[in-house]
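Engineer: Take a look at this one; I'll ask things after.
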Amino acid sequence: MIETRGLTKKYDGFQALSGLDMTVPSGSIYGLIGINGSGKTTVLRHLAGVLRQDAGEIRFDGEDVWENAAVKQHIGLVPDDLFFPNGYNLAGMKKIFAGSYAAWDDRRFHEMTQAFRLSETARLRNFSKGMKKQAMFCLVMSTMPKYLLLDEPIDGLDPIVRKLVWKYIVDDVADREMSVLVSSHNLREMEGICDHIGILSAGSMKMEREMDSLRGDLHKVQIAFGAGVPENPFAGLNVLHHEKRGSVELLLISAPRDEIESRLRVHDPLIFDILPLSLEEIFIYELGGDDDEISSLIF
Ligand SMILES: Nc1ncnc2c1ncn2[C@@H]1O[C@H](COP(=O)(O)OP(=O)(O)OP(=O)(O)O)[C@@H](O)[C@H]1O
């Protein structure tokens, strides 16, 4: 598990992180979502032990990361701004990584460079931005990290490569319980891959949720009754929002689907649909209204 408690950082008087609490459970894929400048890279740099916080705690399975080489052995960081030493190719970088990480897996490295179709002998300087990202991903994944930190990892990658990146991540989470923290400025990109989501806003956590719990309990119901309907057919249901459009009623209900079905079917409605809630609707509801910041994370 990766945890931050009260994480606080000021850069030259600018408050970049303000008491951030975040929990990435073991074996989960956690999406840290925030607009440009919300503090995502700053969080990742602290987690990787590159920056030291002014206040607060960072723990990897209970261990402090700062100047802790034993913990850092198990952390893999794919930063957004990549730097490779001048004149290096992947074969050269491999030697550095293999010499630094005890769990380095040579077989996996070659298998990955082939899967991503990356030359191990061409100069990294001549790689495109997307290729550099893939190269770093291959290097980091071959250290067999227990904790994987990815800063905007799929930004600028084509759909086929994105799929491959996610495949490696999902396989490692399933096979060896790797914990993954992935930052993005786009919520939709994280849909279907993350099991936990944290929304970062101006350096603090605006909302942190497990995706299953969000999807499981919120339903949009469209219903119309004929004659003889009881005065309050929704009594006993947790109705979060209710509006009427002519004879059709639209409701947002927090309850298991079966319960909604069984409570409303008995009234023999003329129209009755339980509609899937989009991610947008869930987040807009959860965050208490449609605002520009949330919209920009979704679209
Ligand atoms: N070294 C620095 N000195 C001063 N301010 C900084 C420094 N690094 C970051 N900041 C400021 O801290 C805030 C958070 O930056 P950070 O890079 O963590 O955001 P981000 O969410 O990763 O943004 P983006 O999506 O654009 O990459 C920004 O306002 C940025 O200007």
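Chain labels run A, B, ... following the order of the structure tokens; each chain numbers its residues from 1, and ligands are numbered from 1 in the order shown.
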Taking only region 102-275 of chain A into account, list the residues labelled alpha helix (DSSP H) by DSSP (computed from the backbone), as a PyMOL selection string.

Structural biologist: chain A and resi 106-115+129-141+159-176+187-190+211-217+257-265

Engineer: For region 125-230 of chain A against region 51-60 of chain A, with a cut-off of 12 Å and counting only C-alpha atoms, what is the closest atom pair and its distance in Å to one decimal for every residue that makes the cut, ordered by chain and number, as a tab-separated table?

Structural biologist:
residue	atom	partner	partner_atom	distance
A:Lys146	CA	A:Phe60	CA	9.8
A:Tyr147	CA	A:Phe60	CA	8.4
A:Leu148	CA	A:Phe60	CA	11.5
A:Ser179	CA	A:Phe60	CA	10.2

Engineer: Using only C-alpha atoms and all ligand atoms, I'd like a table of the residues in chain A that come within 10 Å of ligand 1; for each, show the closest atom pair and its distance in Å rounded to one decimal, ordered by chain and ascending number, as a tab-separated table.

Structural biologist:
residue	atom	partner	partner_atom_place_in_ligand_line	distance
A:Lys9	CA	ligand 1	12 (O)	9.0
A:Lys10	CA	ligand 1	5 (N)	8.0
A:Tyr11	CA	ligand 1	4 (C)	4.6
A:Asp12	CA	ligand 1	4 (C)	6.0
A:Gly13	CA	ligand 1	4 (C)	8.2
A:Phe14	CA	ligand 1	5 (N)	6.3
A:Gln15	CA	ligand 1	12 (O)	7.3
A:Ala16	CA	ligand 1	12 (O)	4.6
A:Leu17	CA	ligand 1	14 (C)	7.8
A:Leu32	CA	ligand 1	21 (O)	9.4
A:Ile33	CA	ligand 1	21 (O)	8.3
A:Gly34	CA	ligand 1	21 (O)	5.9
A:Ile35	CA	ligand 1	25 (O)	5.7
A:Asn36	CA	ligand 1	25 (O)	3.4
A:Gly37	CA	ligand 1	19 (O)	3.4
A:Ser38	CA	ligand 1	21 (O)	3.9
A:Gly39	CA	ligand 1	18 (O)	3.2
A:Lys40	CA	ligand 1	21 (O)	3.8
A:Thr41	CA	ligand 1	22 (O)	3.6
A:Thr42	CA	ligand 1	18 (O)	3.7
A:Val43	CA	ligand 1	18 (O)	6.5
A:Leu44	CA	ligand 1	18 (O)	8.1
A:Arg45	CA	ligand 1	18 (O)	8.4
A:His46	CA	ligand 1	18 (O)	10.0
A:Leu51	CA	ligand 1	1 (N)	9.9
A:Asp80	CA	ligand 1	27 (O)	7.5
A:Asp81	CA	ligand 1	27 (O)	9.1
A:Asp151	CA	ligand 1	22 (O)	7.8
A:Glu152	CA	ligand 1	27 (O)	7.8
A:Ser183	CA	ligand 1	22 (O)	8.1
A:Ser184	CA	ligand 1	25 (O)	7.2
A:His185	CA	ligand 1	25 (O)	6.0
A:Asn186	CA	ligand 1	25 (O)	9.7
A:Leu200	CA	ligand 1	21 (O)	8.1
A:Ser201	CA	ligand 1	21 (O)	8.6
A:Ala202	CA	ligand 1	14 (C)	7.8
A:Gly203	CA	ligand 1	14 (C)	7.3

Engineer: Neighbours of Glu249 (chain A) within 9 Å (only C-alpha atoms; same-chain residues fewer than 6 positions away dropped), as a list in words?

Structural biologist: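 Neighbouring residues, sequence-local ones excluded: Val221, Gln222, Ile223, Ala224, Phe225, His242 and Glu243 of chain A.
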
Engineer: Please list as a list in words every residue within 6 Å of Leu150 (chain A), counting only C-alpha atoms and excluding residues in the same chain fewer than 2 positions away.

Structural biologist: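 Contacts, in chain order: Leu77, Val78, Pro153 and Val182 of chain A.
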
Engineer: Restricting the calculation to only C-alpha atoms: of A:Asn232, A:Thr143, A:Gln134, A:Asn126, which residue gets closest to Pro79 (chain A)?

Structural biologist: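 Checking each of A:Asn232, A:Thr143, A:Gln134, A:Asn126 against Pro79 (chain A), counting only C-alpha atoms, the winner is A:Gln134.
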
Engineer: Report the residues of region 42-290 of chain A whose backbone DSSP state falls under strand (DSSP E), written as a ChimeraX atom specification.

Structural biologist: /A:55-60,63-64,75-78,147-151,179-184,196-201,204-210,218-224,239-245,248-254,271-275

Engineer: Output C-alpha atoms for every residue in the selection just made, as an mmCIF file, in the first residue's frame.

Structural biologist:
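Final output, again_8.cif:
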data_model
loop_
_atom_site.group_PDB
_atom_site.id
_atom_site.type_symbol
_atom_site.label_atom_id
_atom_site.label_comp_id
_atom_site.auth_asym_id
_atom_site.auth_seq_id
_atom_site.Cartn_x
_atom_site.Cartn_y
_atom_site.Cartn_z
ATOM 1 C CA ALA A 55 5.409 18.311 6.195
ATOM 2 C CA GLY A 56 3.392 15.099 6.204
ATOM 3 C CA GLU A 57 4.186 11.454 5.661
ATOM 4 C CA ILE A 58 4.796 9.120 2.734
ATOM 5 C CA ARG A 59 4.737 5.365 3.388
ATOM 6 C CA PHE A 60 5.262 2.349 1.172
ATOM 7 C CA GLU A 63 8.215 2.394 5.219
ATOM 8 C CA ASP A 64 9.333 5.984 4.748
ATOM 9 C CA ILE A 75 9.740 1.717 -6.945
ATOM 10 C CA GLY A 76 9.563 2.269 -10.692
ATOM 11 C CA LEU A 77 8.975 5.819 -11.962
ATOM 12 C CA VAL A 78 8.152 6.710 -15.563
ATOM 13 C CA TYR A 147 5.200 0.012 -6.890
ATOM 14 C CA LEU A 148 4.835 1.561 -10.321
ATOM 15 C CA LEU A 149 4.505 5.352 -10.663
ATOM 16 C CA LEU A 150 3.514 6.655 -14.077
ATOM 17 C CA ASP A 151 3.286 10.354 -14.924
ATOM 18 C CA SER A 179 0.515 -1.375 -6.998
ATOM 19 C CA VAL A 180 0.165 1.297 -9.666
ATOM 20 C CA LEU A 181 -0.278 5.047 -9.403
ATOM 21 C CA VAL A 182 -0.958 6.659 -12.752
ATOM 22 C CA SER A 183 -1.456 10.377 -13.239
ATOM 23 C CA SER A 184 -3.550 11.892 -15.992
ATOM 24 C CA HIS A 196 -9.418 3.599 -7.729
ATOM 25 C CA ILE A 197 -9.619 7.267 -8.649
ATOM 26 C CA GLY A 198 -8.347 10.325 -6.822
ATOM 27 C CA ILE A 199 -9.205 13.825 -7.994
ATOM 28 C CA LEU A 200 -6.432 16.282 -7.190
ATOM 29 C CA SER A 201 -7.289 19.952 -7.080
ATOM 30 C CA SER A 204 -5.235 18.509 -2.157
ATOM 31 C CA MET A 205 -7.536 15.529 -2.610
ATOM 32 C CA LYS A 206 -10.978 16.591 -3.732
ATOM 33 C CA MET A 207 -12.361 13.091 -3.891
ATOM 34 C CA GLU A 208 -10.980 9.561 -3.566
ATOM 35 C CA ARG A 209 -13.139 6.552 -4.481
ATOM 36 C CA GLU A 210 -13.141 2.932 -5.501
ATOM 37 C CA LEU A 218 -25.749 4.812 -8.463
ATOM 38 C CA HIS A 219 -28.514 4.383 -11.033
ATOM 39 C CA LYS A 220 -30.460 6.659 -13.300
ATOM 40 C CA VAL A 221 -34.119 5.663 -13.459
ATOM 41 C CA GLN A 222 -36.641 6.785 -16.040
ATOM 42 C CA ILE A 223 -40.172 5.893 -15.069
ATOM 43 C CA ALA A 224 -43.819 6.745 -15.840
ATOM 44 C CA VAL A 239 -33.360 9.214 -4.106
ATOM 45 C CA LEU A 240 -30.563 11.718 -4.720
ATOM 46 C CA HIS A 241 -32.162 13.652 -7.506
ATOM 47 C CA HIS A 242 -35.722 13.755 -8.840
ATOM 48 C CA GLU A 243 -37.197 15.676 -11.743
ATOM 49 C CA LYS A 244 -40.380 15.416 -13.803
ATOM 50 C CA ARG A 245 -40.541 15.847 -17.580
ATOM 51 C CA VAL A 248 -41.926 10.824 -17.195
ATOM 52 C CA GLU A 249 -39.956 11.022 -13.983
ATOM 53 C CA LEU A 250 -36.167 10.986 -13.966
ATOM 54 C CA LEU A 251 -34.384 9.944 -10.785
ATOM 55 C CA LEU A 252 -30.873 9.362 -9.528
ATOM 56 C CA ILE A 253 -31.069 6.588 -6.956
ATOM 57 C CA SER A 254 -28.356 5.184 -4.731
ATOM 58 C CA ILE A 271 -42.230 3.123 -18.759
ATOM 59 C CA PHE A 272 -39.388 1.778 -16.633
ATOM 60 C CA ASP A 273 -35.710 1.968 -17.576
ATOM 61 C CA ILE A 274 -32.675 1.727 -15.387
ATOM 62 C CA LEU A 275 -30.008 3.517 -17.384
#

Engineer: Find the residues near Leu82 (chain A): any atom within 12 Å, counting only C-alpha atoms, skip ones fewer than 6 places away on the same chain, and give them as a list in words.

Structural biologist: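 Once the adjacent positions are removed, what remains is Leu124, Arg125, Phe127, Ser128, Lys129, Gly130, Met131, Lys132, Lys133, Gln134, Ala135, Met136, Phe137, Leu150, Asp151, Glu152 and Pro153 of chain A.
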
Engineer: Of the residues A:Pro85, A:Val140, A:Ser18, A:Arg176, which is the one nearest to Phe109 (chain A), using only C-alpha atoms?

Structural biologist: A:Val140

Engineer: Expressed in Å to a single decimal, how great is the separation between CA of Ala102 (chain A) and CA of Asp172 (chain A)?

Structural biologist: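 Separation between CA of Ala102 (chain A) and CA of Asp172 (chain A): 17.7 Å.
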
Engineer: Using only C-alpha atoms, which of A:Met93, A:Glu111, A:Val173, A:Asp217 sits nearest Asp258 (chain A)?

Structural biologist: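 Checking each of A:Met93, A:Glu111, A:Val173, A:Asp217 against Asp258 (chain A), counting only C-alpha atoms, the winner is A:Asp217.
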
Engineer: Given only C-alpha atoms as the basis, pick out the residue of A:Ile96, A:Ile29, A:Met22, A:Leu47 nearest to Glu191 (chain A).

Structural biologist: A:Ile29

Engineer: Find the distance between CA of Trp104 (chain A) and CA of Met144 (chain A) and write it in Å to one decimal.

Structural biologist: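 CA of Trp104 (chain A) sits 6.5 Å away from CA of Met144 (chain A).
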
Engineer: Considering only C-alpha atoms, state which residue in the set A:Ser262, A:Thr113, A:Asn68, A:Thr23 is at the smallest distance from Gly236 (chain A).

Structural biologist: A:Ser262

Engineer: Interatomic distance between CA of Gly92 (chain A) and CA of Leu139 (chain A)?

Structural biologist: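 Distance reported for this atom pair: 11.0 Å.
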